[in-house]
Amino acid sequence: MEKETRRTAGSNILRVAPALDYIEDHYMNQFSMETLANLCHISLTHFRRIFQEVMGISPLHYLNSVRITKACELLTNTNRTILDIAEATGFSSLSNFHRQFSQMVHLTPSEYRKQVLSGNPEGQNPSIIRYTGWMEP
């Protein structure tokens, strides 16, 4: 039974791989979850279930995590405005960007940038990895 479970899990990883690749390449664009399901050649409901099973989070949460990770890189490595970064990472509004960023990083984008540039009092820079829970450092 365990062997069958591992084979199914491996198969499911391969089934959502096109969606993961698409998200990585197109996170800055607006697209529907149905687009991702179509890339995987499965129904939307089945896609959401398999994605949750494989990744441990919903496709939308994963997409937002990728976008916030990219935003953290831009906040750290560029002088672009927060509005510009929000648009460049695919957020449809500044308020949505602030809400998603604050939920994942527990800082506003400007606070994050300030801490990264000035150095964290504990000697550690804030990191998206600590807050999302889906990546290991």
# chains A, B, ... in the order shown; residues from 1 in each chain; ligands from 1
call {"tool": "residues_around", "arguments": {"residues": "Leu75 in chain A", "least_positions_apart": "4", "cutoff": "9 Å", "atoms": "only C-alpha atoms", "output": "list in words"}}
result
Lys70, Ala71, Asn79, Arg80, Thr81, Ile82, Ile85, Pro109, Ser110, Tyr112, Arg113 and Val116 of chain A
call {"tool": "residues_around", "arguments": {"residues": "Ser43 in chain A", "least_positions_apart": "5", "cutoff": "12 Å", "atoms": "only C-alpha atoms", "output": "list in words"}}
result
Arg15, Val16, Met33, Glu34, Thr35, Leu36, Ala37, Asn38, Arg48, Arg49, Ile50 and Phe51 of chain A
call {"tool": "closest_residue", "arguments": {"among": "A:Leu44, A:Leu94, A:Leu60, A:Met104", "to": "Cys72 in chain A", "atoms": "only C-alpha atoms"}}
result
A:Met104
call {"tool": "atom_distance", "arguments": {"atom1": "CA of Leu83 in chain A", "atom2": "CA of Phe97 in chain A"}}
result
8.8 Å
call {"tool": "closest_residue", "arguments": {"among": "A:Val105, A:Leu117, A:Leu74, A:Leu63", "to": "Met28 in chain A", "atoms": "only C-alpha atoms"}}
result
A:Leu63
call {"tool": "residues_around", "arguments": {"residues": "Gln52 in chain A", "least_positions_apart": "3", "cutoff": "12 Å", "atoms": "only C-alpha atoms", "output": "PDB file with N, CA, C and O atoms, in the first residue's frame"}}
result
ATOM      1  N   ALA A   9       2.016   9.717  -5.422  1.00  0.00           N
ATOM      2  CA  ALA A   9       2.571  11.025  -5.075  1.00  0.00           C
ATOM      3  C   ALA A   9       3.556  11.483  -6.146  1.00  0.00           C
ATOM      4  O   ALA A   9       3.539  12.639  -6.570  1.00  0.00           O
ATOM      5  N   ASN A  12       1.660  12.554  -9.172  1.00  0.00           N
ATOM      6  CA  ASN A  12       0.992  13.837  -8.959  1.00  0.00           C
ATOM      7  C   ASN A  12       1.970  15.003  -9.051  1.00  0.00           C
ATOM      8  O   ASN A  12       1.611  16.075  -9.538  1.00  0.00           O
ATOM      9  N   ILE A  13       3.191  14.794  -8.609  1.00  0.00           N
ATOM     10  CA  ILE A  13       4.207  15.846  -8.727  1.00  0.00           C
ATOM     11  C   ILE A  13       4.426  16.155 -10.199  1.00  0.00           C
ATOM     12  O   ILE A  13       4.492  17.321 -10.608  1.00  0.00           O
ATOM     13  N   VAL A  16       1.529  18.269 -11.756  1.00  0.00           N
ATOM     14  CA  VAL A  16       1.456  19.715 -11.485  1.00  0.00           C
ATOM     15  C   VAL A  16       2.712  20.457 -11.926  1.00  0.00           C
ATOM     16  O   VAL A  16       2.764  21.676 -11.878  1.00  0.00           O
ATOM     17  N   THR A  45     -11.052  21.392 -10.426  1.00  0.00           N
ATOM     18  CA  THR A  45     -11.233  20.807  -9.093  1.00  0.00           C
ATOM     19  C   THR A  45     -10.138  19.786  -8.794  1.00  0.00           C
ATOM     20  O   THR A  45      -9.547  19.796  -7.706  1.00  0.00           O
ATOM     21  N   HIS A  46      -9.862  18.933  -9.746  1.00  0.00           N
ATOM     22  CA  HIS A  46      -8.823  17.914  -9.577  1.00  0.00           C
ATOM     23  C   HIS A  46      -7.450  18.575  -9.437  1.00  0.00           C
ATOM     24  O   HIS A  46      -6.625  18.159  -8.604  1.00  0.00           O
ATOM     25  N   PHE A  47      -7.201  19.596 -10.229  1.00  0.00           N
ATOM     26  CA  PHE A  47      -5.938  20.330 -10.149  1.00  0.00           C
ATOM     27  C   PHE A  47      -5.725  20.911  -8.758  1.00  0.00           C
ATOM     28  O   PHE A  47      -4.657  20.747  -8.164  1.00  0.00           O
ATOM     29  N   ARG A  48      -6.748  21.583  -8.244  1.00  0.00           N
ATOM     30  CA  ARG A  48      -6.620  22.185  -6.911  1.00  0.00           C
ATOM     31  C   ARG A  48      -6.350  21.132  -5.846  1.00  0.00           C
ATOM     32  O   ARG A  48      -5.519  21.334  -4.951  1.00  0.00           O
ATOM     33  N   ARG A  49      -7.026  19.996  -5.930  1.00  0.00           N
ATOM     34  CA  ARG A  49      -6.849  18.934  -4.948  1.00  0.00           C
ATOM     35  C   ARG A  49      -5.442  18.355  -5.021  1.00  0.00           C
ATOM     36  O   ARG A  49      -4.751  18.217  -4.008  1.00  0.00           O
ATOM     37  N   MET A  55       1.924  20.152  -2.873  1.00  0.00           N
ATOM     38  CA  MET A  55       2.657  21.317  -2.385  1.00  0.00           C
ATOM     39  C   MET A  55       2.342  21.691  -0.941  1.00  0.00           C
ATOM     40  O   MET A  55       3.090  22.444  -0.315  1.00  0.00           O
ATOM     41  N   GLY A  56       1.233  21.226  -0.429  1.00  0.00           N
ATOM     42  CA  GLY A  56       0.861  21.554   0.944  1.00  0.00           C
ATOM     43  C   GLY A  56       0.168  22.894   1.088  1.00  0.00           C
ATOM     44  O   GLY A  56      -0.161  23.300   2.207  1.00  0.00           O
ATOM     45  N   ILE A  57      -0.024  23.604  -0.010  1.00  0.00           N
ATOM     46  CA  ILE A  57      -0.741  24.877  -0.020  1.00  0.00           C
ATOM     47  C   ILE A  57      -1.547  24.967  -1.309  1.00  0.00           C
ATOM     48  O   ILE A  57      -1.297  24.226  -2.255  1.00  0.00           O
ATOM     49  N   SER A  58      -2.473  25.899  -1.339  1.00  0.00           N
ATOM     50  CA  SER A  58      -3.312  26.069  -2.525  1.00  0.00           C
ATOM     51  C   SER A  58      -2.492  26.688  -3.662  1.00  0.00           C
ATOM     52  O   SER A  58      -1.466  27.338  -3.416  1.00  0.00           O
ATOM     53  N   PRO A  59      -2.949  26.508  -4.900  1.00  0.00           N
ATOM     54  CA  PRO A  59      -2.233  27.137  -6.019  1.00  0.00           C
ATOM     55  C   PRO A  59      -2.142  28.656  -5.887  1.00  0.00           C
ATOM     56  O   PRO A  59      -1.105  29.245  -6.193  1.00  0.00           O
ATOM     57  N   LEU A  60      -3.212  29.287  -5.420  1.00  0.00           N
ATOM     58  CA  LEU A  60      -3.193  30.746  -5.270  1.00  0.00           C
ATOM     59  C   LEU A  60      -2.190  31.171  -4.202  1.00  0.00           C
ATOM     60  O   LEU A  60      -1.452  32.145  -4.385  1.00  0.00           O
ATOM     61  N   HIS A  61      -2.134  30.451  -3.105  1.00  0.00           N
ATOM     62  CA  HIS A  61      -1.169  30.784  -2.053  1.00  0.00           C
ATOM     63  C   HIS A  61       0.254  30.590  -2.567  1.00  0.00           C
ATOM     64  O   HIS A  61       1.151  31.405  -2.280  1.00  0.00           O
ATOM     65  N   TYR A  62       0.474  29.551  -3.336  1.00  0.00           N
ATOM     66  CA  TYR A  62       1.795  29.327  -3.921  1.00  0.00           C
ATOM     67  C   TYR A  62       2.162  30.471  -4.861  1.00  0.00           C
ATOM     68  O   TYR A  62       3.278  31.001  -4.802  1.00  0.00           O
ATOM     69  N   TRP A 134       6.572  27.094   3.299  1.00  0.00           N
ATOM     70  CA  TRP A 134       6.597  26.087   2.249  1.00  0.00           C
ATOM     71  C   TRP A 134       7.984  25.837   1.692  1.00  0.00           C
ATOM     72  O   TRP A 134       8.174  24.934   0.908  1.00  0.00           O
TER      73      TRP A 134
END
call {"tool": "decode", "arguments": {"residues": "range 26-60 of chain A", "atoms": "N, CA and C atoms", "output": "PDB file, in the first residue's frame"}}
result
ATOM      1  N   HIS A  26       5.666  33.131 -15.394  1.00  0.00           N
ATOM      2  CA  HIS A  26       4.623  34.117 -15.669  1.00  0.00           C
ATOM      3  C   HIS A  26       3.992  34.728 -14.420  1.00  0.00           C
ATOM      4  N   TYR A  27       4.660  34.644 -13.272  1.00  0.00           N
ATOM      5  CA  TYR A  27       4.092  35.159 -12.023  1.00  0.00           C
ATOM      6  C   TYR A  27       3.686  36.620 -12.130  1.00  0.00           C
ATOM      7  N   MET A  28       4.341  37.360 -13.015  1.00  0.00           N
ATOM      8  CA  MET A  28       4.074  38.800 -13.123  1.00  0.00           C
ATOM      9  C   MET A  28       2.828  39.114 -13.933  1.00  0.00           C
ATOM     10  N   ASN A  29       2.238  38.096 -14.565  1.00  0.00           N
ATOM     11  CA  ASN A  29       1.038  38.279 -15.379  1.00  0.00           C
ATOM     12  C   ASN A  29      -0.205  37.821 -14.631  1.00  0.00           C
ATOM     13  N   GLN A  30      -1.351  38.298 -15.089  1.00  0.00           N
ATOM     14  CA  GLN A  30      -2.628  37.833 -14.550  1.00  0.00           C
ATOM     15  C   GLN A  30      -3.056  36.597 -15.343  1.00  0.00           C
ATOM     16  N   PHE A  31      -3.405  35.531 -14.646  1.00  0.00           N
ATOM     17  CA  PHE A  31      -3.921  34.327 -15.288  1.00  0.00           C
ATOM     18  C   PHE A  31      -4.798  33.593 -14.286  1.00  0.00           C
ATOM     19  N   SER A  32      -5.662  32.762 -14.803  1.00  0.00           N
ATOM     20  CA  SER A  32      -6.608  32.057 -13.943  1.00  0.00           C
ATOM     21  C   SER A  32      -6.054  30.707 -13.512  1.00  0.00           C
ATOM     22  N   MET A  33      -6.632  30.159 -12.464  1.00  0.00           N
ATOM     23  CA  MET A  33      -6.275  28.818 -12.026  1.00  0.00           C
ATOM     24  C   MET A  33      -6.694  27.800 -13.084  1.00  0.00           C
ATOM     25  N   GLU A  34      -7.711  28.149 -13.843  1.00  0.00           N
ATOM     26  CA  GLU A  34      -8.145  27.270 -14.926  1.00  0.00           C
ATOM     27  C   GLU A  34      -7.050  27.135 -15.992  1.00  0.00           C
ATOM     28  N   THR A  35      -6.325  28.196 -16.239  1.00  0.00           N
ATOM     29  CA  THR A  35      -5.197  28.141 -17.166  1.00  0.00           C
ATOM     30  C   THR A  35      -4.182  27.104 -16.694  1.00  0.00           C
ATOM     31  N   LEU A  36      -3.886  27.117 -15.402  1.00  0.00           N
ATOM     32  CA  LEU A  36      -2.930  26.155 -14.841  1.00  0.00           C
ATOM     33  C   LEU A  36      -3.462  24.731 -14.944  1.00  0.00           C
ATOM     34  N   ALA A  37      -4.744  24.562 -14.645  1.00  0.00           N
ATOM     35  CA  ALA A  37      -5.355  23.234 -14.746  1.00  0.00           C
ATOM     36  C   ALA A  37      -5.292  22.722 -16.179  1.00  0.00           C
ATOM     37  N   ASN A  38      -5.557  23.599 -17.127  1.00  0.00           N
ATOM     38  CA  ASN A  38      -5.496  23.215 -18.544  1.00  0.00           C
ATOM     39  C   ASN A  38      -4.087  22.801 -18.952  1.00  0.00           C
ATOM     40  N   LEU A  39      -3.086  23.482 -18.449  1.00  0.00           N
ATOM     41  CA  LEU A  39      -1.705  23.109 -18.742  1.00  0.00           C
ATOM     42  C   LEU A  39      -1.383  21.703 -18.246  1.00  0.00           C
ATOM     43  N   CYS A  40      -2.028  21.332 -17.155  1.00  0.00           N
ATOM     44  CA  CYS A  40      -1.815  20.009 -16.564  1.00  0.00           C
ATOM     45  C   CYS A  40      -2.770  18.958 -17.128  1.00  0.00           C
ATOM     46  N   HIS A  41      -3.687  19.394 -18.006  1.00  0.00           N
ATOM     47  CA  HIS A  41      -4.661  18.505 -18.655  1.00  0.00           C
ATOM     48  C   HIS A  41      -5.570  17.788 -17.661  1.00  0.00           C
ATOM     49  N   ILE A  42      -5.995  18.543 -16.644  1.00  0.00           N
ATOM     50  CA  ILE A  42      -6.938  18.006 -15.659  1.00  0.00           C
ATOM     51  C   ILE A  42      -7.969  19.081 -15.326  1.00  0.00           C
ATOM     52  N   SER A  43      -9.062  18.656 -14.706  1.00  0.00           N
ATOM     53  CA  SER A  43     -10.107  19.613 -14.345  1.00  0.00           C
ATOM     54  C   SER A  43      -9.606  20.551 -13.253  1.00  0.00           C
ATOM     55  N   LEU A  44     -10.262  21.691 -13.132  1.00  0.00           N
ATOM     56  CA  LEU A  44      -9.879  22.678 -12.129  1.00  0.00           C
ATOM     57  C   LEU A  44      -9.974  22.098 -10.725  1.00  0.00           C
ATOM     58  N   THR A  45     -11.052  21.392 -10.426  1.00  0.00           N
ATOM     59  CA  THR A  45     -11.233  20.807  -9.093  1.00  0.00           C
ATOM     60  C   THR A  45     -10.138  19.786  -8.794  1.00  0.00           C
ATOM     61  N   HIS A  46      -9.862  18.933  -9.746  1.00  0.00           N
ATOM     62  CA  HIS A  46      -8.823  17.914  -9.577  1.00  0.00           C
ATOM     63  C   HIS A  46      -7.450  18.575  -9.437  1.00  0.00           C
ATOM     64  N   PHE A  47      -7.201  19.596 -10.229  1.00  0.00           N
ATOM     65  CA  PHE A  47      -5.938  20.330 -10.149  1.00  0.00           C
ATOM     66  C   PHE A  47      -5.725  20.911  -8.758  1.00  0.00           C
ATOM     67  N   ARG A  48      -6.748  21.583  -8.244  1.00  0.00           N
ATOM     68  CA  ARG A  48      -6.620  22.185  -6.911  1.00  0.00           C
ATOM     69  C   ARG A  48      -6.350  21.132  -5.846  1.00  0.00           C
ATOM     70  N   ARG A  49      -7.026  19.996  -5.930  1.00  0.00           N
ATOM     71  CA  ARG A  49      -6.849  18.934  -4.948  1.00  0.00           C
ATOM     72  C   ARG A  49      -5.442  18.355  -5.021  1.00  0.00           C
ATOM     73  N   ILE A  50      -4.978  18.045  -6.229  1.00  0.00           N
ATOM     74  CA  ILE A  50      -3.647  17.465  -6.396  1.00  0.00           C
ATOM     75  C   ILE A  50      -2.566  18.465  -5.999  1.00  0.00           C
ATOM     76  N   PHE A  51      -2.729  19.719  -6.404  1.00  0.00           N
ATOM     77  CA  PHE A  51      -1.744  20.751  -6.067  1.00  0.00           C
ATOM     78  C   PHE A  51      -1.621  20.873  -4.556  1.00  0.00           C
ATOM     79  N   GLN A  52      -2.735  20.931  -3.859  1.00  0.00           N
ATOM     80  CA  GLN A  52      -2.742  21.032  -2.393  1.00  0.00           C
ATOM     81  C   GLN A  52      -2.046  19.818  -1.777  1.00  0.00           C
ATOM     82  N   GLU A  53      -2.319  18.661  -2.315  1.00  0.00           N
ATOM     83  CA  GLU A  53      -1.724  17.421  -1.819  1.00  0.00           C
ATOM     84  C   GLU A  53      -0.207  17.423  -2.006  1.00  0.00           C
ATOM     85  N   VAL A  54       0.252  17.842  -3.171  1.00  0.00           N
ATOM     86  CA  VAL A  54       1.676  17.813  -3.496  1.00  0.00           C
ATOM     87  C   VAL A  54       2.442  18.937  -2.805  1.00  0.00           C
ATOM     88  N   MET A  55       1.924  20.152  -2.873  1.00  0.00           N
ATOM     89  CA  MET A  55       2.657  21.317  -2.385  1.00  0.00           C
ATOM     90  C   MET A  55       2.342  21.691  -0.941  1.00  0.00           C
ATOM     91  N   GLY A  56       1.233  21.226  -0.429  1.00  0.00           N
ATOM     92  CA  GLY A  56       0.861  21.554   0.944  1.00  0.00           C
ATOM     93  C   GLY A  56       0.168  22.894   1.088  1.00  0.00           C
ATOM     94  N   ILE A  57      -0.024  23.604  -0.010  1.00  0.00           N
ATOM     95  CA  ILE A  57      -0.741  24.877  -0.020  1.00  0.00           C
ATOM     96  C   ILE A  57      -1.547  24.967  -1.309  1.00  0.00           C
ATOM     97  N   SER A  58      -2.473  25.899  -1.339  1.00  0.00           N
ATOM     98  CA  SER A  58      -3.312  26.069  -2.525  1.00  0.00           C
ATOM     99  C   SER A  58      -2.492  26.688  -3.662  1.00  0.00           C
ATOM    100  N   PRO A  59      -2.949  26.508  -4.900  1.00  0.00           N
ATOM    101  CA  PRO A  59      -2.233  27.137  -6.019  1.00  0.00           C
ATOM    102  C   PRO A  59      -2.142  28.656  -5.887  1.00  0.00           C
ATOM    103  N   LEU A  60      -3.212  29.287  -5.420  1.00  0.00           N
ATOM    104  CA  LEU A  60      -3.193  30.746  -5.270  1.00  0.00           C
ATOM    105  C   LEU A  60      -2.190  31.171  -4.202  1.00  0.00           C
TER     106      LEU A  60
END
